[in-house]
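Structure first, commentary second.
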Amino acid sequence: MSLKERLYKVWRALVWTFDPADRAEAGKAITRNFWLHWFPPRMTKRSLSWSYSLWLGTISWVLFVILTVTGVVLMFLYIPSVERAYWTIKDLEYSVSWGWFLRNMHRWGAHMMVAAVFLHMMRVFYTGAYKNGVSHAARREINWTVGMILLVLTLLLSYTGYLLPWDQLAYWAITIGVKIAESVPILGPQIKFVMAGGTELGQPTLIRFYALHVMGLPLAVLILFSYHMWRIRKDEGLAAVEQFRLAKKRKDLQIDTSGEEPVYSTPWAVRRIVLVSLATLVWVMFLATFLDSPLEEPADPSWTPNPAKAPWYFLWLQELLAITTIRTPWFTINGGFVGGVVIPGLMGLAATIWAFLDKSPPEATGVWFHKSRTVQNIVFTLGVIFIVGLIIFAMYFRGPNWKVYWPWAWPEIPEII
Amino acid sequence: MSDVKKKRREVLKNIGRLVGYGVLGGVFAGFARSLWPNVLYEPPKRFRLGKPEDLADGVNFFPEQRLFVFKKGNEVWAISAICQHLGCTVNFVQLPEPKVLKVGNLEIKEEWEFHCPCHGSYYAGDGTIYAGPAPRGLPWYYLEIDPATGMLIVDTSKEVEKGWKFKLA
């Protein structure tokens, strides 16, 4: 036995009380554990590698758990009423022990989750992980579609949570959001009416957004997440393993099969899941410790802050809807509909159905940047650059009255009544 | 089983299904309908602005209703402060000196303008949109005097043509 193996044995003896001796034991260790029973008993090393999946799906899920736990505590401290909501947030900041930390964790967790889910989608696209390779049972494009819905739900969770402090920031961001719905032809006014629970934002709006935020949307995420996980099992694992399946069928292709050997899920997968969870938790706690959440003045329907900006993940939409009003001599279409509904809707739809149309060969399944997918990867990247570029432009180059300024040359905001 | 019996069974099954789905659909339609409010606890659309002589000459802003009311001599008119793009409150901007603004074929004499802080819609002094994403100009509203109290009343559910002014006696 080499020294390395010897040291490893000591390490194992110190850290693991249970180390499966054979496949049967490894299987039981998974199937008889409530938390783990939905995992397979063994996984390939590549499925578990850092560099293939970047573990972004796990990170998204851990963030969801952090948000649920902090959210439940916040529910004990928050009152969804237009008179008191703002002041309960003030209390969180100034009079509740650790209230600021709770709120910061929830807010940073939410920002991180939007980012993590989006990056997860990018990873799946670039690795061609929505493709089925040579598997007959896999229908991974369904899981891609479910993922798209989960992305939209994540954005809606952020959006509904954004209103709850009932401060100026919240009030005007939601005003714009509700008006976007209203700008939809024909159905718009009814959609707005039922979203806001009236003709203007008020108590009915707050309680609706609150109910969606704490119950409706998390429940939908939970159900779809379970389905997402179930599908991975039924789709015969992560797309990375399609490489190994293909290599067995096609000796001529010279496929890289490193990381093909399966390892027991306990301890291999469990250890990494714990590691990723802890790292995510530490990161959110780090952000929450040093970066405070903003709270502006209480909501004032008579006065709009100048400029009024949406949260960063919606800024690209705000930029779009400010510049896409279509004027012809015969009719005018509000940019709220063009830039706020049609363009993002078409982009989402195109990304979703692409998984069903992608005709690249099976060897492009489950590998980063396969050369047969170069063109589509470039198009996808342009879409991402379009979104990120608009966000940066709207964040740093749009000043008072939504005019274009250099970030260091914002003018004094003129006196207004 | 005879064919007739089979067929009857099939028909009854379909009726059963239909009733089942119908009831389920009806219940959910009812749930959804409950979310459309029948009574709104909102400030009324028609409300008193006070005695006309108490209005300042020039601009008056009513924050709760988001409304500008202008008075000049014996004329009073009301223009909405709600941006027609996505509903932000527009800012009243007094021009340093009166000027004539050309919008298409229109020539608008103006002493002030309305600028929206959210997405940069610019309205001329009479509410005509001349720049930015708003699809239409700011609406003007109907004014009247309550004969019993002599109070000026505005009705923001009744839009009037641009340029419609109420003449005080």
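FYI, nothing fancy with the structure tokens labels: chains A, B, ... in order, residues from 1 per chain, ligands from 1 as they appear.
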Enumerate, as an mmCIF file with C-alpha atoms, in the first residue's frame, the complete set of residues in chain B that a backbone-based DSSP assignment places in strand (DSSP E or B).
data_model
loop_
_atom_site.group_PDB
_atom_site.id
_atom_site.type_symbol
_atom_site.label_atom_id
_atom_site.label_comp_id
_atom_site.auth_asym_id
_atom_site.auth_seq_id
_atom_site.Cartn_x
_atom_site.Cartn_y
_atom_site.Cartn_z
ATOM 1 C CA ARG B 46 -64.966 62.285 -8.951
ATOM 2 C CA PHE B 47 -63.919 64.595 -6.156
ATOM 3 C CA ARG B 48 -63.925 68.166 -4.863
ATOM 4 C CA LEU B 49 -60.991 70.434 -5.594
ATOM 5 C CA GLY B 50 -62.158 73.149 -3.202
ATOM 6 C CA GLY B 58 -51.182 78.953 -12.592
ATOM 7 C CA VAL B 59 -50.514 75.381 -11.484
ATOM 8 C CA ASN B 60 -52.074 73.430 -8.609
ATOM 9 C CA PHE B 61 -50.999 69.832 -7.916
ATOM 10 C CA PHE B 62 -53.285 67.307 -6.225
ATOM 11 C CA LEU B 67 -53.698 65.705 -11.105
ATOM 12 C CA PHE B 68 -52.629 69.153 -12.261
ATOM 13 C CA VAL B 69 -55.285 71.865 -12.146
ATOM 14 C CA PHE B 70 -54.519 75.120 -13.881
ATOM 15 C CA LYS B 71 -56.236 78.458 -13.375
ATOM 16 C CA LYS B 72 -55.828 81.515 -15.538
ATOM 17 C CA GLU B 75 -60.596 79.645 -16.886
ATOM 18 C CA VAL B 76 -59.813 76.364 -15.126
ATOM 19 C CA TRP B 77 -58.601 73.124 -16.668
ATOM 20 C CA ALA B 78 -57.350 69.775 -15.368
ATOM 21 C CA ILE B 79 -54.559 67.614 -16.839
ATOM 22 C CA SER B 80 -53.556 64.190 -15.535
ATOM 23 C CA ILE B 82 -50.001 60.070 -14.823
ATOM 24 C CA THR B 89 -45.993 60.610 -12.018
ATOM 25 C CA ASN B 91 -42.853 66.304 -13.187
ATOM 26 C CA PHE B 92 -44.117 69.830 -13.823
ATOM 27 C CA VAL B 93 -41.291 71.880 -15.301
ATOM 28 C CA GLN B 94 -41.669 75.671 -15.483
ATOM 29 C CA LEU B 95 -39.922 77.061 -18.568
ATOM 30 C CA PRO B 96 -37.716 80.124 -18.003
ATOM 31 C CA GLU B 97 -39.766 81.962 -20.638
ATOM 32 C CA PRO B 98 -42.772 81.087 -22.804
ATOM 33 C CA LYS B 99 -41.989 79.519 -26.148
ATOM 34 C CA VAL B 100 -43.629 77.968 -29.181
ATOM 35 C CA LEU B 101 -43.095 74.243 -29.628
ATOM 36 C CA LYS B 102 -43.623 72.556 -32.981
ATOM 37 C CA VAL B 103 -45.009 69.017 -32.797
ATOM 38 C CA LEU B 106 -49.090 71.630 -34.350
ATOM 39 C CA GLU B 107 -47.688 74.843 -32.936
ATOM 40 C CA ILE B 108 -48.078 74.869 -29.182
ATOM 41 C CA LYS B 109 -47.573 78.018 -27.126
ATOM 42 C CA GLU B 110 -46.340 76.889 -23.746
ATOM 43 C CA GLU B 111 -45.053 78.217 -20.436
ATOM 44 C CA TRP B 112 -44.340 74.855 -18.859
ATOM 45 C CA GLU B 113 -43.844 71.210 -19.748
ATOM 46 C CA PHE B 114 -44.301 67.783 -18.200
ATOM 47 C CA HIS B 115 -41.344 65.404 -18.053
ATOM 48 C CA TYR B 122 -41.785 64.635 -22.713
ATOM 49 C CA TYR B 123 -45.133 66.381 -22.855
ATOM 50 C CA ILE B 129 -46.486 64.031 -26.264
ATOM 51 C CA TYR B 130 -43.473 65.252 -28.242
ATOM 52 C CA ALA B 131 -40.641 62.896 -27.238
ATOM 53 C CA TRP B 140 -57.700 66.326 -19.787
ATOM 54 C CA TYR B 141 -60.615 65.876 -17.403
ATOM 55 C CA TYR B 142 -64.127 67.215 -16.987
ATOM 56 C CA LEU B 143 -64.730 69.970 -14.437
ATOM 57 C CA GLU B 144 -67.960 71.344 -12.990
ATOM 58 C CA ILE B 145 -69.240 73.457 -10.123
ATOM 59 C CA LEU B 152 -65.125 72.900 -8.090
ATOM 60 C CA ILE B 153 -65.459 69.200 -8.924
ATOM 61 C CA VAL B 154 -63.293 67.099 -11.232
ATOM 62 C CA ASP B 155 -64.251 63.741 -12.714
ATOM 63 C CA THR B 156 -61.163 61.732 -13.702
ATOM 64 C CA SER B 157 -63.299 59.030 -15.232
ATOM 65 C CA LYS B 158 -64.574 61.554 -17.801
ATOM 66 C CA GLU B 159 -61.969 62.547 -20.312
ATOM 67 C CA VAL B 160 -62.513 65.712 -22.337
ATOM 68 C CA PHE B 166 -64.160 75.400 -17.638
ATOM 69 C CA LYS B 167 -65.254 79.009 -17.467
#
Cut-off 7 Å: closest chain B/chain A atom pairs per residue, using only C-alpha atoms, as CSV:
residue,atom,partner,partner_atom,distance
B:Leu35,CA,A:Val194,CA,6.3
B:Trp36,CA,A:Val194,CA,5.5
B:Pro37,CA,A:Gly197,CA,6.3
B:Leu40,CA,A:Gly198,CA,6.3
B:Pro63,CA,A:Ser302,CA,4.6
B:Glu64,CA,A:Ser302,CA,6.0
B:Arg66,CA,A:Ser302,CA,5.7
B:His85,CA,A:Asn334,CA,6.7
B:Leu86,CA,A:Lys179,CA,5.1
B:Gly87,CA,A:Lys179,CA,6.6
B:Cys88,CA,A:Thr304,CA,6.1
B:Thr89,CA,A:Thr304,CA,5.5
B:Asn91,CA,A:Ile416,CA,6.4
B:Phe92,CA,A:Ile416,CA,6.5
B:Val93,CA,A:Ile416,CA,6.7
B:Cys116,CA,A:Asn401,CA,6.1
B:Pro117,CA,A:Asn401,CA,4.0
B:Cys118,CA,A:Ala308,CA,5.2
B:His119,CA,A:Trp402,CA,4.9
B:Gly120,CA,A:Asn401,CA,4.6
B:Pro133,CA,A:Thr325,CA,5.2
B:Ala134,CA,A:Asn334,CA,6.7
B:Pro135,CA,A:Asn334,CA,5.3
Can I get the selected residues back with N, CA and C atoms, as an mmCIF file, in the first residue's frame?
data_model
loop_
_atom_site.group_PDB
_atom_site.id
_atom_site.type_symbol
_atom_site.label_atom_id
_atom_site.label_comp_id
_atom_site.auth_asym_id
_atom_site.auth_seq_id
_atom_site.Cartn_x
_atom_site.Cartn_y
_atom_site.Cartn_z
ATOM 1 N N LEU B 35 -61.264 36.658 -7.579
ATOM 2 C CA LEU B 35 -60.106 37.562 -7.552
ATOM 3 C C LEU B 35 -60.364 38.867 -8.310
ATOM 4 N N TRP B 36 -61.484 38.920 -9.054
ATOM 5 C CA TRP B 36 -61.866 40.178 -9.710
ATOM 6 C C TRP B 36 -62.740 40.973 -8.741
ATOM 7 N N PRO B 37 -62.214 42.017 -8.142
ATOM 8 C CA PRO B 37 -62.996 42.704 -7.110
ATOM 9 C C PRO B 37 -64.281 43.338 -7.673
ATOM 10 N N LEU B 40 -64.395 48.483 -4.926
ATOM 11 C CA LEU B 40 -63.043 49.018 -4.773
ATOM 12 C C LEU B 40 -63.021 50.037 -3.650
ATOM 13 N N PRO B 63 -51.776 65.738 -5.120
ATOM 14 C CA PRO B 63 -50.934 64.536 -5.103
ATOM 15 C C PRO B 63 -51.732 63.239 -5.017
ATOM 16 N N GLU B 64 -52.772 63.208 -4.186
ATOM 17 C CA GLU B 64 -53.457 61.938 -3.995
ATOM 18 C C GLU B 64 -54.107 61.456 -5.292
ATOM 19 N N ARG B 66 -53.122 62.577 -8.267
ATOM 20 C CA ARG B 66 -52.127 62.770 -9.322
ATOM 21 C C ARG B 66 -52.711 63.582 -10.472
ATOM 22 N N HIS B 85 -47.184 56.228 -20.603
ATOM 23 C CA HIS B 85 -46.341 55.087 -20.959
ATOM 24 C C HIS B 85 -46.567 53.972 -19.946
ATOM 25 N N LEU B 86 -46.020 54.151 -18.733
ATOM 26 C CA LEU B 86 -46.185 53.086 -17.742
ATOM 27 C C LEU B 86 -46.557 53.618 -16.369
ATOM 28 N N GLY B 87 -47.218 54.785 -16.324
ATOM 29 C CA GLY B 87 -47.888 55.174 -15.090
ATOM 30 C C GLY B 87 -47.080 55.881 -14.020
ATOM 31 N N CYS B 88 -45.867 56.346 -14.332
ATOM 32 C CA CYS B 88 -45.151 57.139 -13.339
ATOM 33 C C CYS B 88 -45.800 58.520 -13.234
ATOM 34 N N THR B 89 -45.482 59.258 -12.166
ATOM 35 C CA THR B 89 -45.993 60.610 -12.018
ATOM 36 C C THR B 89 -45.056 61.571 -12.735
ATOM 37 N N ASN B 91 -43.265 65.092 -13.894
ATOM 38 C CA ASN B 91 -42.853 66.304 -13.187
ATOM 39 C C ASN B 91 -43.297 67.538 -13.965
ATOM 40 N N PHE B 92 -43.769 68.544 -13.224
ATOM 41 C CA PHE B 92 -44.117 69.830 -13.823
ATOM 42 C C PHE B 92 -42.837 70.648 -13.922
ATOM 43 N N VAL B 93 -42.520 71.110 -15.117
ATOM 44 C CA VAL B 93 -41.291 71.880 -15.301
ATOM 45 C C VAL B 93 -41.649 73.262 -15.851
ATOM 46 N N CYS B 116 -41.458 62.994 -17.769
ATOM 47 C CA CYS B 116 -41.590 61.788 -16.953
ATOM 48 C C CYS B 116 -40.205 61.279 -16.527
ATOM 49 N N PRO B 117 -40.005 61.049 -15.239
ATOM 50 C CA PRO B 117 -38.686 60.619 -14.768
ATOM 51 C C PRO B 117 -38.353 59.161 -15.080
ATOM 52 N N CYS B 118 -39.366 58.362 -15.381
ATOM 53 C CA CYS B 118 -39.087 56.926 -15.505
ATOM 54 C C CYS B 118 -38.411 56.568 -16.828
ATOM 55 N N HIS B 119 -39.033 56.946 -17.948
ATOM 56 C CA HIS B 119 -38.462 56.531 -19.223
ATOM 57 C C HIS B 119 -38.365 57.672 -20.219
ATOM 58 N N GLY B 120 -38.392 58.907 -19.687
ATOM 59 C CA GLY B 120 -38.106 60.050 -20.536
ATOM 60 C C GLY B 120 -39.176 60.408 -21.550
ATOM 61 N N PRO B 133 -41.240 57.487 -25.025
ATOM 62 C CA PRO B 133 -41.992 56.302 -25.420
ATOM 63 C C PRO B 133 -43.515 56.344 -25.195
ATOM 64 N N ALA B 134 -44.051 57.373 -24.544
ATOM 65 C CA ALA B 134 -45.495 57.348 -24.253
ATOM 66 C C ALA B 134 -46.299 57.301 -25.551
ATOM 67 N N PRO B 135 -47.308 56.429 -25.612
ATOM 68 C CA PRO B 135 -48.064 56.275 -26.858
ATOM 69 C C PRO B 135 -49.081 57.391 -27.103
#
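The neighbours of Val388 in chain A here are the residues that come within 10 Å of it, using only C-alpha atoms and leaving out any residue fewer than 3 positions away in the same chain; they are Trp312, Tyr313, Leu315, Trp316, Leu382, Gly383, Val384, Ile385, Ile391, Ile392, Phe393 and Ala394 of chain A.
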Selection export as a compact mmCIF listing (two decimals), in the first residue's frame, atoms kept: C-alpha atoms:
# COMPACT_ATOMS: atom_id res chain seq x y z
CA TRP A 312 -30.95 44.78 -12.19
CA TYR A 313 -32.42 41.60 -13.64
CA LEU A 315 -33.29 46.63 -16.19
CA TRP A 316 -32.83 45.21 -19.69
CA LEU A 382 -25.11 37.23 -28.61
CA GLY A 383 -28.49 36.93 -26.89
CA VAL A 384 -26.78 36.87 -23.50
CA ILE A 385 -24.56 39.83 -24.43
CA ILE A 391 -28.54 45.89 -18.11
CA ILE A 392 -25.15 47.60 -17.88
CA PHE A 393 -26.26 50.44 -20.14
CA ALA A 394 -29.47 51.07 -18.19
What does the structure give for the distance between CA of Glu93 in chain A and CA of Leu206 in chain A, in Å to one decimal?
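Separation of CA of Glu93 in chain A and CA of Leu206 in chain A: 20.6 Å.
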For range 21-30 of chain A: contacts at 7 Å, only C-alpha atoms, fewer than 4 positions along chain excluded, given as a list in words:
Leu36, His37, Phe39, Pro41, Tyr264 and Thr266 of chain A
Closest atom pairs, residues of range 288-359 of chain A within 12 Å of range 114-131 of chain A, only C-alpha atoms, as JSON lines:
{"residue": "A:Pro311", "atom": "CA", "partner": "A:Val114", "partner_atom": "CA", "distance": 11.2}
{"residue": "A:Trp312", "atom": "CA", "partner": "A:Val114", "partner_atom": "CA", "distance": 10.2}
{"residue": "A:Tyr313", "atom": "CA", "partner": "A:Val114", "partner_atom": "CA", "distance": 7.7}
{"residue": "A:Phe314", "atom": "CA", "partner": "A:Val114", "partner_atom": "CA", "distance": 10.8}
{"residue": "A:Gly348", "atom": "CA", "partner": "A:Met121", "partner_atom": "CA", "distance": 11.7}
{"residue": "A:Ala351", "atom": "CA", "partner": "A:Phe125", "partner_atom": "CA", "distance": 9.3}
{"residue": "A:Thr352", "atom": "CA", "partner": "A:Tyr130", "partner_atom": "CA", "distance": 10.2}
{"residue": "A:Ile353", "atom": "CA", "partner": "A:Tyr130", "partner_atom": "CA", "distance": 11.0}
{"residue": "A:Trp354", "atom": "CA", "partner": "A:Tyr130", "partner_atom": "CA", "distance": 9.7}
{"residue": "A:Ala355", "atom": "CA", "partner": "A:Tyr130", "partner_atom": "CA", "distance": 6.2}
{"residue": "A:Phe356", "atom": "CA", "partner": "A:Lys131", "partner_atom": "CA", "distance": 8.6}
{"residue": "A:Leu357", "atom": "CA", "partner": "A:Lys131", "partner_atom": "CA", "distance": 10.1}
{"residue": "A:Asp358", "atom": "CA", "partner": "A:Lys131", "partner_atom": "CA", "distance": 8.0}
{"residue": "A:Lys359", "atom": "CA", "partner": "A:Lys131", "partner_atom": "CA", "distance": 9.1}
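Straight-line separation from CA of Val19 in chain B to CA of Ser2 in chain B: 25.8 Å.
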Give me, please, the distance in Å between CA of Arg42 in chain A and CA of Leu238 in chain A, quoted to one decimal.
12.6 Å
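Of the residues under consideration (A:Leu150, A:Trp408, A:Lys248, A:Trp330), A:Leu150 shows the shortest atom-to-atom contact distance to Trp61 in chain A when counting only C-alpha atoms.
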Pull the helix (DSSP H, G or I) assignments for range 113-250 of chain A out of DSSP run on the backbone, and list those residues as JSON, numbers by chain.
{"A": [113, 114, 115, 116, 117, 118, 119, 120, 121, 122, 123, 124, 125, 126, 140, 141, 142, 143, 144, 145, 146, 147, 148, 149, 150, 151, 152, 153, 154, 155, 156, 157, 158, 159, 160, 161, 162, 163, 168, 169, 170, 171, 172, 173, 174, 175, 176, 177, 178, 179, 180, 181, 182, 188, 189, 190, 191, 192, 193, 194, 195, 196, 203, 204, 205, 206, 207, 208, 209, 210, 211, 212, 213, 214, 215, 216, 217, 218, 219, 220, 221, 222, 223, 224, 225, 226, 227, 228, 229, 230, 231, 232, 233, 234, 241, 242, 243, 244, 245, 246, 247, 248, 249]}
